[in-house]
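Engineer: query.txt is reproduced below (compact mmCIF, C-alpha atoms).
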# COMPACT_ATOMS: atom_id res chain seq x y z
CA MET A 257 -12.20 -40.03 33.74
CA ALA A 258 -11.88 -37.57 36.60
CA ILE A 259 -8.17 -37.15 35.82
CA VAL A 260 -8.97 -36.53 32.14
CA PHE A 261 -11.55 -33.95 33.16
CA ILE A 262 -9.17 -32.21 35.57
CA VAL A 263 -6.44 -32.12 32.91
CA LEU A 264 -8.86 -30.68 30.34
CA PHE A 265 -10.20 -28.14 32.83
CA LEU A 266 -6.72 -26.94 33.80
CA TYR A 267 -5.68 -26.78 30.14
CA GLU A 268 -8.76 -24.71 29.34
CA LYS A 269 -7.88 -22.29 32.14
CA SER A 270 -4.35 -21.94 30.79
CA VAL A 271 -5.65 -21.28 27.23
CA ASP A 272 -8.10 -18.75 28.63
CA SER A 273 -5.39 -16.82 30.45
CA ARG A 274 -3.27 -16.81 27.25
CA LEU A 275 -6.25 -15.47 25.33
CA GLN A 276 -6.78 -12.71 27.91
CA PHE A 277 -3.13 -11.76 27.59
CA SER A 278 -3.32 -11.67 23.78
CA VAL A 279 -6.44 -9.50 23.86
CA LYS A 280 -4.74 -7.15 26.35
CA THR A 281 -1.67 -6.86 24.10
CA MET A 282 -3.89 -6.20 21.08
CA ASN A 283 -5.79 -3.47 22.94
CA GLU A 284 -2.54 -1.86 24.06
CA ASN A 285 -1.27 -1.81 20.47
CA PHE A 286 -4.56 -0.33 19.33
CA GLN A 287 -4.32 2.36 22.01
CA GLU A 288 -0.82 3.19 20.83
CA LEU A 289 -2.14 3.72 17.30
CA SER A 290 -4.80 6.27 18.17
CA PRO A 291 -2.46 9.29 18.64
CA TYR A 292 -1.26 8.73 15.07
CA SER A 293 -4.73 8.82 13.53
CA GLN A 294 -4.36 12.57 12.79
CA TYR A 295 -1.23 11.84 10.73
CA GLU A 296 -3.06 9.15 8.85
CA ALA A 297 -5.84 11.64 8.06
CA LYS A 298 -3.29 14.26 7.02
CA ALA A 299 -1.51 11.81 4.73
CA ARG A 300 -4.83 10.77 3.20
CA VAL A 301 -5.83 14.40 2.55
CA ILE A 302 -2.49 15.18 0.90
CA GLY A 303 -2.70 11.98 -1.18
CA ASP A 304 -6.26 12.84 -2.23
CA LYS A 305 -5.29 16.35 -3.26
CA ILE A 306 -2.35 15.16 -5.33
CA THR A 307 -4.49 12.53 -7.06
CA VAL A 308 -7.28 15.00 -7.83
CA TYR A 309 -4.81 17.69 -9.00
CA LYS A 310 -3.13 15.24 -11.39
CA ARG A 311 -6.47 13.96 -12.66
CA ILE A 312 -7.87 17.43 -13.38
CA LEU A 313 -4.59 18.54 -14.96
CA GLN A 314 -4.57 15.52 -17.28
CA SER A 315 -8.20 15.90 -18.32
CA GLN A 316 -8.09 19.70 -18.67
CA GLU A 317 -8.91 20.90 -22.17
CA LYS A 318 -7.40 24.33 -22.70
CA ILE A 319 -9.29 26.58 -25.09
CA SER A 320 -6.45 29.09 -25.44
CA SER A 321 -5.04 27.13 -28.39
CA SER A 322 -8.44 27.26 -30.12
CA ILE A 323 -8.61 31.05 -29.91
CA ASP A 324 -5.94 31.44 -32.60
CA THR A 325 -7.90 29.08 -34.86
CA ALA A 326 -11.18 30.96 -34.40
CA MET A 327 -9.71 34.47 -34.53
CA GLY A 328 -7.15 33.80 -37.28
CA ILE A 329 -9.37 35.42 -39.90
CA THR A 330 -8.40 38.85 -38.58
CA ASP A 331 -5.28 38.52 -40.76
CA LEU A 332 -7.57 38.51 -43.86
CA ASP A 333 -8.67 42.16 -43.59
CA ILE A 334 -11.75 41.06 -41.64
CA VAL A 335 -13.08 42.76 -38.52
CA VAL A 336 -14.42 40.40 -35.85
CA LEU A 337 -17.48 41.79 -34.12
CA SER A 338 -18.06 39.01 -31.64
CA VAL A 339 -16.97 35.50 -30.84
CA VAL A 340 -18.28 32.77 -28.56
CA LEU A 341 -15.82 29.96 -27.91
CA THR A 342 -16.03 26.67 -26.05
CA LYS A 343 -13.86 23.57 -26.14
CA ASP A 344 -16.24 22.05 -28.69
CA GLY A 345 -16.69 24.88 -31.14
CA PHE A 346 -17.18 28.56 -31.85
CA THR A 347 -19.59 31.11 -33.22
CA ILE A 348 -18.06 34.16 -34.86
CA LYS A 349 -19.60 37.30 -36.32
CA PHE A 350 -17.43 39.40 -38.61
CA VAL A 351 -17.50 42.12 -41.26
CA GLY A 352 -15.65 41.97 -44.56
CA PRO A 353 -15.53 44.51 -47.39
CA THR A 354 -16.35 42.01 -50.16
CA ALA A 355 -17.98 38.62 -50.62
CA LEU A 356 -14.54 37.27 -51.42
CA HIS A 357 -13.55 37.81 -47.81
CA PHE A 358 -16.27 35.37 -46.79
CA ALA A 359 -14.84 32.77 -49.19
CA ASN A 360 -11.36 33.45 -47.81
CA ALA A 361 -12.62 32.96 -44.26
CA VAL A 362 -14.17 29.60 -45.16
CA ASN A 363 -10.95 28.56 -46.89
CA TYR A 364 -8.94 29.62 -43.88
CA TYR A 365 -10.99 27.53 -41.47
CA LEU A 366 -10.87 24.47 -43.70
CA ASP A 367 -7.11 24.87 -44.23
CA THR A 368 -6.44 24.87 -40.49
CA GLN A 369 -7.47 21.17 -40.34
CA LYS A 370 -8.77 21.92 -36.86
CA VAL A 371 -12.35 22.69 -37.84
CA ASP A 372 -14.60 19.71 -38.43
CA GLN A 373 -17.84 21.39 -39.46
CA LEU A 374 -18.61 24.90 -40.57
CA SER A 375 -22.02 26.42 -41.13
CA LEU A 376 -23.29 29.85 -42.07
CA VAL A 377 -25.73 31.24 -39.53
CA SER A 378 -26.49 34.59 -41.19
CA ALA A 379 -25.23 36.87 -43.95
CA THR A 380 -26.17 40.54 -44.31
CA LEU A 381 -25.19 43.03 -46.96
CA ARG A 382 -24.86 46.48 -45.47
CA ASN A 383 -25.77 49.02 -48.11
CA ASP A 384 -24.49 52.01 -46.16
CA ASN A 385 -20.82 51.08 -46.38
CA LYS A 386 -21.07 48.15 -48.83
CA SER A 387 -19.78 45.61 -46.39
CA TYR A 388 -20.79 42.06 -45.65
CA GLU A 389 -21.68 41.00 -42.10
CA LEU A 390 -21.53 37.27 -41.57
CA GLU A 391 -22.10 34.89 -38.69
CA MET A 392 -20.59 31.42 -38.80
CA GLU A 393 -20.60 28.43 -36.54
CA GLY A 394 -17.75 25.93 -36.38
CA THR A 395 -17.12 22.66 -34.58
CA PHE A 396 -13.59 21.71 -33.60
CA ARG A 397 -12.15 18.45 -34.78
CA LYS A 398 -11.67 16.06 -31.84
CA ASN A 399 -8.16 14.81 -31.15
CA GLY A 400 -7.25 11.73 -33.14
CA LYS A 401 -10.23 12.09 -35.46
CA MET B 246 -30.10 -78.61 60.04
CA THR B 247 -30.40 -80.84 57.07
CA TYR B 248 -28.27 -80.73 53.97
CA GLU B 249 -30.36 -79.88 50.94
CA PRO B 250 -28.18 -79.69 47.87
CA ASN B 251 -31.03 -78.74 45.58
CA ALA B 252 -31.90 -75.73 47.72
CA GLN B 253 -28.25 -74.62 47.86
CA ILE B 254 -27.89 -74.94 44.12
CA ALA B 255 -31.09 -73.00 43.61
CA GLU B 256 -29.81 -70.29 45.97
CA PHE B 257 -26.49 -70.15 44.14
CA LYS B 258 -28.24 -69.85 40.79
CA ARG B 259 -30.44 -67.07 42.13
CA THR B 260 -27.43 -65.16 43.48
CA LEU B 261 -25.60 -65.63 40.17
CA GLN B 262 -28.63 -64.38 38.27
CA LEU B 263 -28.88 -61.36 40.56
CA THR B 264 -25.17 -60.60 40.15
CA ARG B 265 -25.53 -60.74 36.37
CA VAL B 266 -28.47 -58.34 36.44
CA LYS B 267 -26.61 -55.96 38.79
CA THR B 268 -23.50 -56.13 36.60
CA SER B 269 -25.44 -55.32 33.46
CA ILE B 270 -27.24 -52.42 35.20
CA HIS B 271 -23.99 -51.00 36.56
CA SER B 272 -22.25 -51.47 33.22
CA THR B 273 -25.11 -49.69 31.44
CA LEU B 274 -25.05 -46.85 33.97
CA ALA B 275 -21.25 -46.60 33.69
CA LEU B 276 -21.47 -46.52 29.90
CA ALA B 277 -24.24 -43.95 30.06
CA GLY B 278 -22.16 -41.88 32.49
CA PHE B 279 -19.14 -42.15 30.21
CA LEU B 280 -21.19 -41.10 27.21
CA ILE B 281 -22.66 -38.15 29.14
CA PHE B 282 -19.12 -37.16 30.18
CA ILE B 283 -17.90 -37.34 26.59
CA VAL B 284 -20.92 -35.73 24.90
CA TYR B 285 -21.77 -33.03 27.44
CA GLY B 286 -18.44 -32.57 29.21
CA ALA B 287 -15.21 -33.39 27.43
CA TYR B 288 -16.27 -32.75 23.83
CA PRO B 289 -17.68 -29.24 24.44
CA LEU B 290 -14.66 -28.43 26.60
CA ILE B 291 -12.28 -29.53 23.83
CA LYS B 292 -14.32 -27.49 21.36
CA VAL B 293 -14.07 -24.39 23.59
CA ILE B 294 -10.34 -24.92 23.97
CA SER B 295 -9.94 -25.24 20.20
CA GLU B 296 -11.96 -22.05 19.58
CA LYS B 297 -9.96 -20.14 22.16
CA GLN B 298 -6.74 -21.29 20.54
CA LYS B 299 -8.01 -20.03 17.19
CA LEU B 300 -8.86 -16.70 18.84
CA ILE B 301 -5.36 -16.53 20.32
CA THR B 302 -3.88 -17.03 16.84
CA GLN B 303 -6.15 -14.35 15.41
CA THR B 304 -5.41 -11.80 18.14
CA GLN B 305 -1.68 -12.50 17.77
CA GLU B 306 -1.92 -11.90 14.00
CA ILE B 307 -3.87 -8.68 14.59
CA SER B 308 -1.29 -7.59 17.17
CA ILE B 309 1.54 -8.22 14.72
CA GLN B 310 -0.33 -6.26 12.04
CA LEU B 311 -0.98 -3.43 14.48
CA GLU B 312 2.69 -3.35 15.43
CA LYS B 313 3.64 -3.16 11.74
CA ASN B 314 1.10 -0.37 11.21
CA LEU B 315 2.46 1.42 14.23
CA ILE B 316 5.98 1.32 12.82
CA GLU B 317 4.71 2.55 9.44
CA LEU B 318 2.69 5.31 11.08
CA LYS B 319 5.69 6.42 13.12
CA LYS B 320 7.72 6.66 9.92
CA THR B 321 4.88 8.44 8.07
CA SER B 322 4.31 10.88 10.93
CA ASN B 323 8.02 11.76 10.90
CA ILE B 324 7.91 12.30 7.15
CA ILE B 325 4.77 14.41 7.42
CA ASN B 326 6.20 16.46 10.28
CA ASN B 327 9.40 17.10 8.38
CA SER B 328 7.73 17.90 5.07
CA GLU B 329 4.70 19.84 6.27
CA GLU B 330 6.30 23.09 5.13
CA PHE B 331 6.69 21.72 1.60
CA PHE B 332 3.01 20.80 1.37
CA LYS B 333 1.74 24.20 2.51
CA PRO B 334 2.02 25.83 -0.96
CA PHE B 335 0.10 22.87 -2.38
CA ASP B 336 -2.80 23.79 -0.10
CA ASN B 337 -3.12 26.99 -2.14
CA LEU B 338 -3.13 25.07 -5.43
CA MET B 339 -5.71 22.51 -4.29
CA PRO B 340 -7.32 23.89 -1.13
CA SER B 341 -9.81 22.12 1.11
CA SER B 342 -12.36 24.93 0.68
CA PRO B 343 -13.14 27.26 -2.28
CA GLN B 344 -10.72 29.96 -0.95
CA LEU B 345 -12.01 32.58 -3.36
CA GLU B 346 -10.14 35.52 -1.81
CA SER B 347 -6.67 34.26 -2.72
CA TYR B 348 -7.90 33.15 -6.15
CA LEU B 349 -9.36 36.60 -6.89
CA HIS B 350 -5.99 38.14 -6.11
CA GLU B 351 -4.32 35.75 -8.58
CA ILE B 352 -6.87 36.33 -11.33
CA PHE B 353 -6.69 40.10 -10.90
CA ILE B 354 -2.95 39.99 -11.60
CA ALA B 355 -3.39 37.58 -14.54
CA THR B 356 -6.05 39.72 -16.26
CA SER B 357 -4.17 42.97 -15.63
CA ARG B 358 -1.07 41.54 -17.28
CA SER B 359 -3.17 40.68 -20.33
CA GLY B 360 -4.43 44.24 -20.80
CA PHE B 361 -7.88 43.70 -19.33
CA TYR B 362 -9.57 44.95 -16.21
CA ILE B 363 -12.27 43.18 -14.27
CA LYS B 364 -15.68 44.86 -14.51
CA ASN B 365 -17.50 42.28 -12.48
CA ILE B 366 -16.80 38.92 -10.92
CA SER B 367 -19.30 36.48 -9.47
CA ALA B 368 -19.10 32.96 -8.13
CA GLY B 369 -21.86 30.44 -8.75
CA GLU B 370 -23.17 27.73 -6.48
CA VAL B 371 -20.38 25.56 -5.13
CA VAL B 372 -20.54 21.92 -6.15
CA SER B 373 -19.34 20.15 -3.01
CA GLU B 374 -18.71 16.80 -4.54
CA ARG B 375 -15.31 15.33 -5.19
CA PRO B 376 -13.56 17.37 -6.33
CA GLY B 377 -15.51 20.45 -5.31
CA GLU B 378 -16.04 22.86 -8.18
CA VAL B 379 -16.70 26.60 -8.10
CA PRO B 380 -18.07 28.19 -11.28
CA ILE B 381 -16.88 31.78 -11.69
CA LEU B 382 -18.14 34.35 -14.17
CA LEU B 383 -15.68 37.08 -15.10
CA GLN B 384 -16.74 40.20 -16.96
CA LEU B 385 -13.77 42.04 -18.41
CA ASN B 386 -12.99 44.92 -20.69
CA GLY B 387 -9.71 45.97 -22.26
CA ILE B 388 -7.49 46.19 -25.29
CA GLY B 389 -5.35 43.08 -24.86
CA GLU B 390 -5.07 39.90 -26.86
CA LEU B 391 -7.75 37.30 -26.11
CA ASN B 392 -5.38 34.33 -26.39
CA VAL B 393 -2.94 35.94 -23.93
CA LEU B 394 -5.80 36.59 -21.51
CA VAL B 395 -7.08 33.00 -21.65
CA GLU B 396 -3.55 31.56 -21.55
CA ASN B 397 -2.73 33.58 -18.45
CA ILE B 398 -5.86 32.27 -16.72
CA GLU B 399 -5.40 28.67 -17.86
CA ASN B 400 -1.76 28.70 -16.75
CA LEU B 401 -2.48 29.85 -13.20
CA LYS B 402 -0.95 27.51 -10.63
CA ARG B 403 -4.40 26.86 -9.21
CA ILE B 404 -6.07 24.89 -11.99
CA SER B 405 -8.62 27.04 -13.80
CA THR B 406 -10.67 25.63 -16.65
CA VAL B 407 -12.07 28.20 -19.06
CA ASN B 408 -15.36 26.67 -20.17
CA LYS B 409 -16.68 29.46 -22.35
CA LEU B 410 -15.42 32.71 -23.77
CA THR B 411 -17.69 35.39 -25.18
CA ALA B 412 -16.08 38.48 -26.68
CA ARG B 413 -17.49 41.42 -28.58
CA GLU B 414 -16.18 44.65 -30.02
CA ASP B 415 -16.81 47.61 -27.70
CA TYR B 416 -15.76 50.90 -29.30
CA GLY B 417 -12.15 49.91 -29.91
CA LYS B 418 -11.97 47.79 -26.80
CA THR B 419 -13.09 44.24 -26.22
CA ASP B 420 -15.83 43.22 -23.85
CA VAL B 421 -15.17 39.71 -22.56
CA ASN B 422 -17.20 37.26 -20.51
CA LEU B 423 -15.39 34.20 -19.21
CA GLU B 424 -16.93 31.18 -17.54
CA VAL B 425 -14.22 29.61 -15.43
CA SER B 426 -14.19 26.63 -13.06
CA ILE B 427 -11.84 26.27 -10.13
CA TYR B 428 -11.51 23.23 -7.87
CA PHE B 429 -11.01 22.21 -4.26
CA VAL B 430 -10.92 18.93 -2.35
CA PRO B 431 -13.24 18.79 0.68
CA GLU B 432 -11.40 17.06 3.55
CA GLU B 433 -14.18 14.58 4.25
CA PHE B 434 -13.81 13.28 0.70
CA LYS B 435 -12.66 9.63 0.48
CA GLU B 436 -11.18 8.38 -2.78
Just give me the structure of the file as structure tokens.
Structural biologist:
Amino acid sequence: MAIVFIVLFLYEKSVDSRLQFSVKTMNENFQELSPYSQYEAKARVIGDKITVYKRILQSQEKISSSIDTAMGITDLDIVVLSVVLTKDGFTIKFVGPTALHFANAVNYYLDTQKVDQLSLVSATLRNDNKSYELEMEGTFRKNGK
Amino acid sequence: MTYEPNAQIAEFKRTLQLTRVKTSIHSTLALAGFLIFIVYGAYPLIKVISEKQKLITQTQEISIQLEKNLIELKKTSNIINNSEEFFKPFDNLMPSSPQLESYLHEIFIATSRSGFYIKNISAGEVVSERPGEVPILLQLNGIGELNVLVENIENLKRISTVNKLTAREDYGKTDVNLEVSIYFVPEEFKE
């Protein structure tokens, strides 16, 4: 029994010294890593920036293409007084010499196939120069709709 | 001295009985000692040895992983060192802070090329989430085309989202308000 105990005791000591050695090696490796932590942070920052840049670029909705749709009525002998444009829709105020110009404007917007809804906000007949001042609101058709 | 066989036999029996009792006591004590050795000595020792061996395996695995990481990091650090110059322009496109000064320079050129001049420019409260967002309000006046103006801003290398455009006739010129968002990535941000 004493021999068994001595053998076990000595074996335990040997395992313990191996464990100490392993822990020392692990700590040394860990110490070696620390000078590179700045590069890891740099790489992470660059990776983050690229990911975010791509994500914003993909989800960006440009309104420049919608300007032509909203302002296209200027080709119909219509003078645009003001326009408010977002990615979802527009509000436009314009002056036309006859009521027919209003009908032409409505036709134009519907023909573009890019306007989903159109509503008349206000219509004024100016007696001084016999012109029609109109304000309209439009909603853009969503992609794939 | 007289020979008394009965007495001798009785003595022998008594000795035998005593020996049996002693043997059973010693055997019981030996067994108890053995059990104590096993339960409180050998078994815990074997358990400790087994746990330490598991720890050795774990530390060796961690060491191997750390060595692999070290090799990867050495490679990555070399790549980063060699390509740091290439990434510098990207810092202007997606900076770590709002960097409004450089953006204002860009937007001034973009609006001038479109036939507009900047009357006023103001930046709103910075949203320091991920990504950080800076709302900018531009007040412009000029005689250029609106679509060219917005295209020039939307096509800047630093991503600029035009959220709202308001334009009105201003004695032959056009008065324009633009609500624009620009972005940045704060360094503490973790994906």
Engineer: For a quick check of understanding, using all atoms listed in the file, which of A:Arg274, A:Lys318, A:Lys349, A:Lys280 has the smallest distance to Glu393 (chain A)?
Structural biologist: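 Counting all atoms listed in the file, the residue closest to Glu393 (chain A) is A:Lys349.
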Engineer: Can you tell me which residues surround Ile388 (chain B) at a distance of at most 8 Å, considering only C-alpha atoms, apart from same-chain residues fewer than 6 positions away, and format the answer as a list in words?
Structural biologist: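 Residues near the query, excluding close chain neighbours: Gly360, Phe361, Gly417, Lys418 and Thr419 of chain B.
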Engineer: For those residues, write C-alpha atoms to a file as an mmCIF file, in the coordinates of the input.
Structural biologist:
data_model
loop_
_atom_site.group_PDB
_atom_site.id
_atom_site.type_symbol
_atom_site.label_atom_id
_atom_site.label_comp_id
_atom_site.auth_asym_id
_atom_site.auth_seq_id
_atom_site.Cartn_x
_atom_site.Cartn_y
_atom_site.Cartn_z
ATOM 1 C CA GLY B 360 -4.430 44.240 -20.800
ATOM 2 C CA PHE B 361 -7.880 43.700 -19.330
ATOM 3 C CA GLY B 417 -12.150 49.910 -29.910
ATOM 4 C CA LYS B 418 -11.970 47.790 -26.800
ATOM 5 C CA THR B 419 -13.090 44.240 -26.220
#
Engineer: Hey, can you pull every residue with an atom no more than 6 Å from (-16.4, -37.1, 34.1), using all atoms listed in the file, and send it as a PyMOL selection string?
Structural biologist: (chain A and resi 257-258+261) or (chain B and resi 282)
Engineer: Residues of chain A no more than 8 Å from chain B, counting only C-alpha atoms: send them over as number ranges by chain.
Structural biologist: A: 261, 264-265, 267-268, 271-272, 274-275, 278-279, 281-282, 285-286, 288-289, 292, 295-296, 299, 301-302, 304-305, 308-309, 312-313, 316-321, 323-324, 336-343
Engineer: Could you check how far CA of Ala361 (chain A) sits from CA of Ile334 (chain A), in Å to one decimal?
Structural biologist: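 Taking CA of Ala361 (chain A) as the start and CA of Ile334 (chain A) as the end point, the length is 8.6 Å.
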Engineer: Taking (-24.8, 32.6, -41.5) in the file's coordinates as the center, which residues reach within 8 Å of it, counting only C-alpha atoms, put as a ChimeraX atom specification?
Structural biologist: /A:375-379,390-393
Engineer: Report, in Å with one decimal, the straight-line distance from CA of Tyr365 (chain A) to CA of Glu390 (chain B).
Structural biologist: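 So the two atoms, CA of Tyr365 (chain A) and CA of Glu390 (chain B), lie 20.0 Å apart.
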Engineer: Would you compute the distance between CA of Pro343 (chain B) and CA of Val379 (chain B)? Give it in Å to one decimal.
Structural biologist: 6.9 Å
Engineer: Near Gln369 (chain A), within 10 Å and counting all atoms listed in the file, which residues show up once chain neighbours fewer than 2 positions away are dropped, as a VMD selection string?
Structural biologist: chain A and resid 325 364 to 367 371 to 372 396 to 397
